[in-house]
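Okay, input.txt now, which holds compact mmCIF, C-alpha atoms:
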# COMPACT_ATOMS: atom_id res chain seq x y z
CA MET B 1 88.62 57.41 61.87
CA THR B 2 92.09 57.25 63.34
CA PRO B 3 94.23 60.34 63.85
CA PRO B 4 97.01 60.51 61.25
CA VAL B 5 100.67 59.89 62.01
CA GLY B 6 102.70 63.05 62.42
CA LEU B 7 106.24 63.80 63.54
CA GLY B 8 107.55 64.80 66.92
CA TRP B 9 110.95 66.36 67.49
CA TYR B 10 113.34 64.45 69.74
CA PRO B 11 114.27 67.37 72.06
CA TYR B 12 110.55 67.47 73.05
CA ARG B 13 110.00 63.73 73.01
CA ASP B 14 108.32 63.54 76.42
CA THR B 15 105.90 66.41 75.83
CA GLY B 16 103.78 64.87 73.07
CA VAL B 17 104.03 68.06 71.00
CA LEU B 18 103.28 67.53 67.31
CA TYR B 19 105.97 69.24 65.23
CA LEU B 20 105.04 68.34 61.64
CA SER B 21 101.80 67.10 60.05
CA GLU B 22 101.52 65.38 56.69
CA SER B 23 98.43 67.41 55.84
CA CYS B 24 97.95 71.18 55.96
CA ASP B 25 94.20 70.74 56.50
CA VAL B 26 93.49 72.50 59.79
CA ASN B 27 90.13 70.70 59.94
CA GLN B 28 91.47 67.16 59.53
CA THR B 29 90.18 64.26 61.64
CA ASN B 30 90.82 64.98 65.28
CA TYR B 31 88.94 62.41 67.36
CA ASN B 32 89.74 58.73 67.85
CA ASP B 33 86.72 56.65 66.86
CA CYS B 34 87.23 54.51 69.97
CA ALA B 35 86.30 57.47 72.18
CA PRO B 36 82.72 57.73 73.50
CA SER B 37 80.49 59.90 71.29
CA ALA B 38 83.44 60.43 68.94
CA ALA B 39 81.30 60.99 65.84
CA ALA B 40 79.06 63.55 67.56
CA ILE B 41 82.01 65.41 69.06
CA GLU B 42 83.89 65.39 65.76
CA GLU B 43 80.84 66.82 64.00
CA ASP B 44 80.47 69.55 66.61
CA TRP B 45 84.19 70.35 66.50
CA ARG B 46 84.17 70.62 62.71
CA GLY B 47 81.07 72.81 62.91
CA LYS B 48 83.09 75.32 64.91
CA PHE B 49 85.61 75.72 62.09
CA GLY B 50 86.53 79.40 61.77
CA ASP B 51 85.23 80.20 65.26
CA PRO B 52 88.14 81.35 67.47
CA ALA B 53 86.40 79.89 70.51
CA ARG B 54 87.26 76.42 69.14
CA ARG B 55 90.79 76.97 70.37
CA LYS B 56 89.57 76.84 73.96
CA VAL B 57 86.86 74.18 73.93
CA VAL B 58 87.27 71.09 76.11
CA TYR B 59 84.63 68.38 75.65
CA TYR B 60 83.62 66.32 78.64
CA HIS B 61 81.08 63.67 79.65
CA SER B 62 78.95 63.98 82.77
CA PRO B 63 78.14 62.22 84.99
CA GLY B 64 81.11 59.88 84.81
CA LEU B 65 83.99 58.57 86.90
CA ALA B 66 85.22 55.35 85.24
CA CYS B 67 87.29 55.49 82.07
CA PRO B 68 85.94 53.55 79.06
CA ALA B 69 87.20 50.07 78.27
CA SER B 70 90.74 50.15 76.83
CA TRP B 71 91.31 53.62 78.29
CA THR B 72 93.44 54.41 81.36
CA THR B 73 93.02 57.05 84.07
CA VAL B 74 95.87 59.56 83.78
CA GLY B 75 94.63 62.22 86.17
CA VAL B 76 92.02 62.91 88.86
CA ALA B 77 91.09 66.28 90.36
CA ALA B 78 88.49 66.42 93.14
CA ARG B 79 87.23 69.57 94.85
CA ASP B 80 85.77 69.47 98.35
CA ASP B 81 82.90 71.56 99.73
CA VAL B 82 84.99 74.72 99.73
CA SER B 83 88.22 75.30 97.85
CA SER B 84 90.57 72.43 98.69
CA TYR B 85 91.56 69.98 95.95
CA SER B 86 92.83 66.43 95.80
CA LEU B 87 95.08 66.14 92.72
CA SER B 88 96.83 63.16 91.16
CA GLY B 89 98.39 62.11 87.87
CA ILE B 90 98.57 64.95 85.33
CA PHE B 91 97.05 67.30 87.91
CA ALA B 92 99.77 66.69 90.51
CA SER B 93 102.14 69.61 91.09
CA PRO B 94 104.90 69.40 88.46
CA THR B 95 108.52 69.54 89.47
CA VAL B 96 111.76 69.36 87.57
CA THR B 97 115.11 68.14 88.78
CA GLU B 98 118.22 69.64 87.22
CA LYS B 99 121.73 69.38 88.67
CA GLY B 100 120.30 68.34 91.99
CA TRP B 101 117.81 71.20 92.33
CA ARG B 102 114.06 70.60 92.64
CA THR B 103 112.09 73.57 91.34
CA ASP B 104 108.37 74.29 91.07
CA LEU B 105 107.38 75.22 87.54
CA ALA B 106 105.33 78.32 86.71
CA PRO B 107 104.04 78.19 83.10
CA THR B 108 103.92 81.27 80.88
CA PHE B 109 100.35 80.43 79.78
CA GLU B 110 97.84 78.77 82.09
CA PRO B 111 97.66 75.08 81.03
CA ILE B 112 94.38 73.60 79.84
CA ASN B 113 94.35 71.15 82.74
CA ASN B 114 94.62 73.99 85.25
CA GLN B 115 91.81 75.93 83.55
CA PHE B 116 89.50 72.93 83.84
CA VAL B 117 90.35 72.38 87.51
CA SER B 118 89.68 76.07 88.20
CA ALA B 119 86.20 75.62 86.71
CA LEU B 120 85.27 72.76 89.06
CA GLU B 121 82.42 73.51 91.43
CA PRO B 122 82.32 72.26 95.05
CA ARG B 123 82.04 68.45 95.27
CA GLU B 124 82.86 67.92 91.61
CA THR B 125 85.46 65.42 90.40
CA LEU B 126 87.27 65.50 87.08
CA VAL B 127 88.81 62.36 85.57
CA VAL B 128 90.99 62.38 82.44
CA CYS B 129 91.54 59.22 80.39
CA CYS B 130 93.97 58.22 77.64
CA PRO B 131 93.85 55.13 75.40
CA ASP B 132 95.86 52.20 76.76
CA GLY B 133 99.49 52.67 75.80
CA TYR B 134 99.17 56.44 75.34
CA LYS B 135 100.63 59.17 77.54
CA PRO B 136 99.04 62.52 78.40
CA ILE B 137 100.29 65.55 76.47
CA SER B 138 102.16 67.73 78.93
CA ALA B 139 100.28 70.88 77.92
CA GLY B 140 96.98 69.11 78.57
CA GLY B 141 93.90 68.31 76.52
CA GLY B 142 95.15 65.24 74.72
CA CYS B 143 97.13 62.02 74.59
CA PHE B 144 99.97 60.80 72.42
CA SER B 145 101.66 57.60 71.35
CA GLU B 146 105.09 57.20 69.82
CA VAL B 147 105.03 55.00 66.71
CA SER B 148 107.54 53.86 64.12
CA ARG B 149 109.18 56.70 62.19
CA GLU B 150 108.67 54.67 59.01
CA LEU B 151 104.89 55.13 59.28
CA TYR B 152 105.36 58.76 58.25
CA THR B 153 106.17 58.37 54.56
CA ALA B 154 105.98 61.97 53.34
CA THR B 155 109.15 63.92 52.61
CA THR B 156 107.55 67.20 53.71
CA GLY B 157 105.74 68.32 56.83
CA CYS B 158 103.28 71.09 57.63
CA GLN B 159 103.26 73.49 60.56
CA PHE B 160 100.34 75.72 61.53
CA ILE B 161 101.15 79.24 62.68
CA ASP B 162 99.05 82.20 63.79
CA ARG B 163 98.65 85.07 61.37
CA GLU B 164 99.35 88.64 62.37
CA ASP B 165 95.59 89.22 62.50
CA ALA B 166 95.01 86.31 64.91
CA PRO B 167 91.72 86.84 66.78
CA TYR B 168 93.15 87.31 70.25
CA THR B 169 95.17 89.66 72.39
CA VAL B 170 97.74 88.38 74.86
CA VAL B 171 97.02 89.86 78.28
CA THR B 172 98.58 89.47 81.72
CA VAL B 173 96.48 87.60 84.28
CA THR B 174 96.88 86.21 87.77
CA TYR B 175 95.56 82.73 88.48
CA THR B 176 95.96 80.04 91.14
CA TYR B 177 98.41 77.32 90.16
CA TYR B 178 98.63 74.40 92.60
CA GLY B 179 97.65 76.62 95.50
CA LYS B 180 99.90 79.56 94.76
CA PRO B 181 99.18 82.80 92.86
CA VAL B 182 100.94 82.97 89.50
CA THR B 183 101.18 85.87 87.07
CA GLY B 184 101.14 84.70 83.48
CA LEU B 185 99.74 85.30 80.01
CA PHE B 186 96.31 84.55 78.56
CA GLN B 187 94.93 84.64 75.02
CA SER B 188 91.86 86.87 75.30
CA LEU B 189 89.65 86.37 72.25
CA THR B 190 88.89 89.60 70.42
CA GLY B 191 87.73 88.50 66.97
CA THR B 192 84.90 86.48 65.48
CA ALA B 193 86.83 84.69 62.73
CA ASP B 194 89.87 82.47 63.14
CA HIS B 195 92.75 82.39 60.69
CA TRP B 196 95.76 80.13 60.36
CA ASP B 197 98.73 80.11 58.05
CA SER B 198 100.62 76.96 57.15
CA ARG B 199 104.25 76.44 56.37
CA VAL B 200 105.60 73.40 54.55
CA GLU B 201 109.07 72.14 55.40
CA THR B 202 111.11 69.69 53.37
CA ILE B 203 112.56 66.90 55.48
CA GLU B 204 116.09 66.37 54.28
CA PRO B 205 117.49 62.82 54.57
CA SER B 206 120.12 64.08 56.98
CA GLN B 207 117.35 65.43 59.25
CA SER B 208 115.13 62.37 59.23
CA SER B 209 116.60 60.89 62.42
CA GLU B 210 115.74 64.09 64.33
CA TYR B 211 112.05 63.11 64.28
CA PHE B 212 109.92 60.24 65.53
CA GLY B 213 106.45 59.03 64.59
CA LEU B 214 103.67 60.48 66.74
CA ILE B 215 99.91 60.03 67.00
CA GLN B 216 97.80 62.45 69.01
CA THR B 217 94.20 62.07 70.10
CA PRO B 218 92.07 64.19 72.45
CA ALA B 219 91.71 62.83 75.97
CA VAL B 220 88.37 61.68 77.35
CA SER B 221 87.33 63.91 80.25
CA LEU B 222 84.69 62.85 82.77
CA CYS B 223 83.02 65.06 85.34
CA PHE B 224 81.02 63.83 88.31
CA ALA B 225 79.06 65.95 90.77
CA ASN B 226 78.73 64.30 94.17
CA TYR B 227 75.28 65.59 94.97
CA PHE B 228 71.75 64.66 93.99
CA ARG B 229 71.43 67.21 91.20
CA HIS B 230 73.72 65.94 88.44
CA HIS B 231 75.57 68.53 86.42
CA TRP B 232 75.17 67.54 82.78
CA GLY B 233 77.50 69.06 80.26
CA PHE B 234 78.76 68.72 76.74
CA GLU B 235 81.54 71.25 76.60
CA LYS B 236 83.28 73.95 78.54
CA ALA B 237 84.75 76.89 76.71
CA TYR B 238 87.25 79.26 78.21
CA ALA B 239 87.10 82.77 76.76
Rewritten as structure tokens:
Amino acid sequence: MTPPVGLGWYPYRDTGVLYLSESCDVNQTNYNDCAPSAAAIEEDWRGKFGDPARRKVVYYHSPGLACPASWTTVGVAARDDVSSYSLSGIFASPTVTEKGWRTDLAPTFEPINNQFVSALEPRETLVVCCPDGYKPISAGGGCFSEVSRELYTATTGCQFIDREDAPYTVVTVTYTYYGKPVTGLFQSLTGTADHWDSRVETIEPSQSSEYFGLIQTPAVSLCFANYFRHHWGFEKAYA
């Protein structure tokens, strides 16, 4: 099972955000069969269909430190005995340079990567891996690869959007982001059933060049506890 080709939009080319899917099936194949335990994770993920908690599940393998063959380390987060962290790759503090100014970013919603780091216990290390040739999605949780636009042959594309009765309430929270307190938004789950609406767009010939071929796949996350009692885990869910 290989994730299907979708379309990204050029203004967000470096983010890995999927803009249009060929299928409107919200439960379509999600996990690359080259990933460890892909079949078991895919089965578990599909079994959570309709459960709003599926939005916030991050699967991980433990104990583990070394990425699988043909996968590359894209981020490492290590916590010491107390509350200091060593961060690299996708966990390193993001900055943006515009017109000569270097500014720290403060996201509106807490990124998935930051949520996982916040959940680390003392002396735990988190490693995130992407397939060789893939880049990490900027929002966290996955990897992406740009492919030929011609591989997307459909003349329409599907977008998934929340319904008005989406099972969450947006609340204001304060969390630690790269060592500084940040006030942002958080989707607090309030319902027991998830609902999505889909919208189909026609891709006009004049618009075709605005998109590029994109494949997404979840990242492989590894967690290692540097003490005698190993912390075994299958998933972490953030409510």
His195 in chain B environment, 10 Å, all atoms listed in the file, sequence neighbours closer than 2 positions dropped, as a ChimeraX atom specification: /B:26,49-52,161-167,193,197
Using all atoms listed in the file: which of B:Tyr59, B:Tyr152, B:Tyr12, B:Tyr134 has the shortest distance to Trp71 in chain B: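 Once distances to Trp71 in chain B are computed over all atoms listed in the file, the minimum belongs to B:Tyr134.
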B:Ile112, B:Ile215, B:Leu126, B:Ile90 ranked by distance to Leu65 in chain B, top pick (using only C-alpha atoms): B:Leu126
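Considering all atoms listed in the file, the residue among B:Val17, B:Ser118, B:Cys67, B:Pro11 positioned nearest to Tyr177 in chain B is B:Ser118.
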Which residue of B:Cys129, B:Val117, B:Val5, B:Val173 approaches Glu150 in chain B most closely, using only C-alpha atoms: B:Val5
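Considering the residues B:Thr125, B:Thr172, B:Thr73, B:Thr217 and counting only C-alpha atoms, Leu18 in chain B has its shortest atom-to-atom contact with B:Thr217.
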Shell around Ile41 in chain B at 9 Å using all atoms listed in the file, local window under 5 positions removed, as number ranges by chain: B: 31, 36, 46, 59, 234
Å distance separating CA of Lys56 in chain B from CA of Thr156 in chain B, one decimal place: 28.7 Å
Distance of CA of Gly140 in chain B from CA of Glu110 in chain B, expressed in Å to one decimal place: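 Interatomic distance, CA of Glu110 in chain B to CA of Gly140 in chain B: 10.3 Å.
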For CA of Arg54 in chain B and CA of Val76 in chain B, the interatomic separation in Å (one decimal): 24.4 Å
Close residues, Cys143 in chain B itself excluded, 8 Å, only C-alpha atoms, min 6 positions apart in chain, as a ChimeraX atom specification: /B:16,130-131,134-137,216-219
Selection: 6 Å around range 181-184 of chain B, all atoms listed in the file, excl. self and same-chain fewer than 5 positions, as a ChimeraX atom specification: /B:108-109,172-176
Shell of 10 Å around Thr202 in chain B, all atoms listed in the file, local chain residues under 3 positions omitted, as a ChimeraX atom specification: /B:154-158,205,207
Minimum-distance residue to Arg123 in chain B, chosen among B:Ser198, B:Thr192, B:Ser23, B:Ser86 (using all atoms listed in the file):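 Of B:Ser198, B:Thr192, B:Ser23, B:Ser86, the one nearest Arg123 in chain B, counting all atoms listed in the file, is B:Ser86.
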Expected residue set, 12 Å radius at (79.8, 76.9, 91.7), only C-alpha atoms, as a ChimeraX atom specification: /B:79-83,118-124,225,231
Because the input lacks atoms here, generate N, CA and C atoms for range 49-77 of chain B and report them as an mmCIF file, keeping the file's coordinate frame.
data_model
loop_
_atom_site.group_PDB
_atom_site.id
_atom_site.type_symbol
_atom_site.label_atom_id
_atom_site.label_comp_id
_atom_site.auth_asym_id
_atom_site.auth_seq_id
_atom_site.Cartn_x
_atom_site.Cartn_y
_atom_site.Cartn_z
ATOM 1 N N PHE B 49 84.492 75.271 62.917
ATOM 2 C CA PHE B 49 85.610 75.720 62.090
ATOM 3 C C PHE B 49 85.482 77.213 61.787
ATOM 4 N N GLY B 50 86.555 77.958 61.998
ATOM 5 C CA GLY B 50 86.530 79.400 61.770
ATOM 6 C C GLY B 50 86.129 80.203 62.986
ATOM 7 N N ASP B 51 85.620 79.516 64.026
ATOM 8 C CA ASP B 51 85.230 80.200 65.260
ATOM 9 C C ASP B 51 86.438 80.188 66.201
ATOM 10 N N PRO B 52 86.955 81.340 66.600
ATOM 11 C CA PRO B 52 88.140 81.350 67.470
ATOM 12 C C PRO B 52 87.925 80.665 68.807
ATOM 13 N N ALA B 53 86.669 80.548 69.240
ATOM 14 C CA ALA B 53 86.400 79.890 70.510
ATOM 15 C C ALA B 53 86.767 78.405 70.464
ATOM 16 N N ARG B 54 86.905 77.836 69.246
ATOM 17 C CA ARG B 54 87.260 76.420 69.140
ATOM 18 C C ARG B 54 88.632 76.140 69.737
ATOM 19 N N ARG B 55 89.467 77.145 69.786
ATOM 20 C CA ARG B 55 90.790 76.970 70.370
ATOM 21 C C ARG B 55 90.717 76.584 71.845
ATOM 22 N N LYS B 56 89.641 76.970 72.509
ATOM 23 C CA LYS B 56 89.570 76.840 73.960
ATOM 24 C C LYS B 56 88.459 75.914 74.438
ATOM 25 N N VAL B 57 87.934 75.088 73.550
ATOM 26 C CA VAL B 57 86.860 74.180 73.930
ATOM 27 C C VAL B 57 87.444 72.864 74.445
ATOM 28 N N VAL B 58 86.931 72.403 75.569
ATOM 29 C CA VAL B 58 87.270 71.090 76.110
ATOM 30 C C VAL B 58 85.970 70.310 76.258
ATOM 31 N N TYR B 59 85.831 69.209 75.549
ATOM 32 C CA TYR B 59 84.630 68.380 75.650
ATOM 33 C C TYR B 59 84.746 67.461 76.859
ATOM 34 N N TYR B 60 83.605 67.231 77.503
ATOM 35 C CA TYR B 60 83.620 66.320 78.640
ATOM 36 C C TYR B 60 82.282 65.591 78.730
ATOM 37 N N HIS B 61 82.277 64.478 79.441
ATOM 38 C CA HIS B 61 81.080 63.670 79.650
ATOM 39 C C HIS B 61 80.706 63.739 81.132
ATOM 40 N N SER B 62 79.405 63.883 81.395
ATOM 41 C CA SER B 62 78.950 63.980 82.770
ATOM 42 C C SER B 62 77.533 63.407 82.882
ATOM 43 N N PRO B 63 77.232 62.631 83.925
ATOM 44 C CA PRO B 63 78.140 62.220 84.990
ATOM 45 C C PRO B 63 79.022 61.050 84.568
ATOM 46 N N GLY B 64 80.209 60.981 85.109
ATOM 47 C CA GLY B 64 81.110 59.880 84.810
ATOM 48 C C GLY B 64 82.322 59.907 85.706
ATOM 49 N N LEU B 65 82.799 58.704 86.074
ATOM 50 C CA LEU B 65 83.990 58.570 86.900
ATOM 51 C C LEU B 65 84.943 57.504 86.362
ATOM 52 N N ALA B 66 84.408 56.478 85.696
ATOM 53 C CA ALA B 66 85.220 55.350 85.240
ATOM 54 C C ALA B 66 85.576 55.515 83.774
ATOM 55 N N CYS B 67 86.846 55.373 83.460
ATOM 56 C CA CYS B 67 87.290 55.490 82.070
ATOM 57 C C CYS B 67 86.696 54.356 81.233
ATOM 58 N N PRO B 68 86.476 54.591 79.936
ATOM 59 C CA PRO B 68 85.940 53.550 79.060
ATOM 60 C C PRO B 68 86.882 52.358 78.972
ATOM 61 N N ALA B 69 86.362 51.244 78.494
ATOM 62 C CA ALA B 69 87.200 50.070 78.270
ATOM 63 C C ALA B 69 88.335 50.417 77.325
ATOM 64 N N SER B 70 89.518 49.922 77.619
ATOM 65 C CA SER B 70 90.740 50.150 76.830
ATOM 66 C C SER B 70 91.273 51.567 76.978
ATOM 67 N N TRP B 71 90.769 52.302 77.964
ATOM 68 C CA TRP B 71 91.310 53.620 78.290
ATOM 69 C C TRP B 71 91.797 53.592 79.735
ATOM 70 N N THR B 72 92.800 54.409 80.047
ATOM 71 C CA THR B 72 93.440 54.410 81.360
ATOM 72 C C THR B 72 93.313 55.781 82.016
ATOM 73 N N THR B 73 93.059 55.792 83.318
ATOM 74 C CA THR B 73 93.020 57.050 84.070
ATOM 75 C C THR B 73 94.418 57.645 84.159
ATOM 76 N N VAL B 74 94.565 58.895 83.720
ATOM 77 C CA VAL B 74 95.870 59.560 83.780
ATOM 78 C C VAL B 74 95.860 60.766 84.713
ATOM 79 N N GLY B 75 94.692 61.104 85.246
ATOM 80 C CA GLY B 75 94.630 62.220 86.170
ATOM 81 C C GLY B 75 93.273 62.325 86.836
ATOM 82 N N VAL B 76 93.261 62.705 88.112
ATOM 83 C CA VAL B 76 92.020 62.910 88.860
ATOM 84 C C VAL B 76 92.152 64.203 89.661
ATOM 85 N N ALA B 77 91.142 65.050 89.566
ATOM 86 C CA ALA B 77 91.090 66.280 90.360
ATOM 87 C C ALA B 77 89.730 66.328 91.050
#
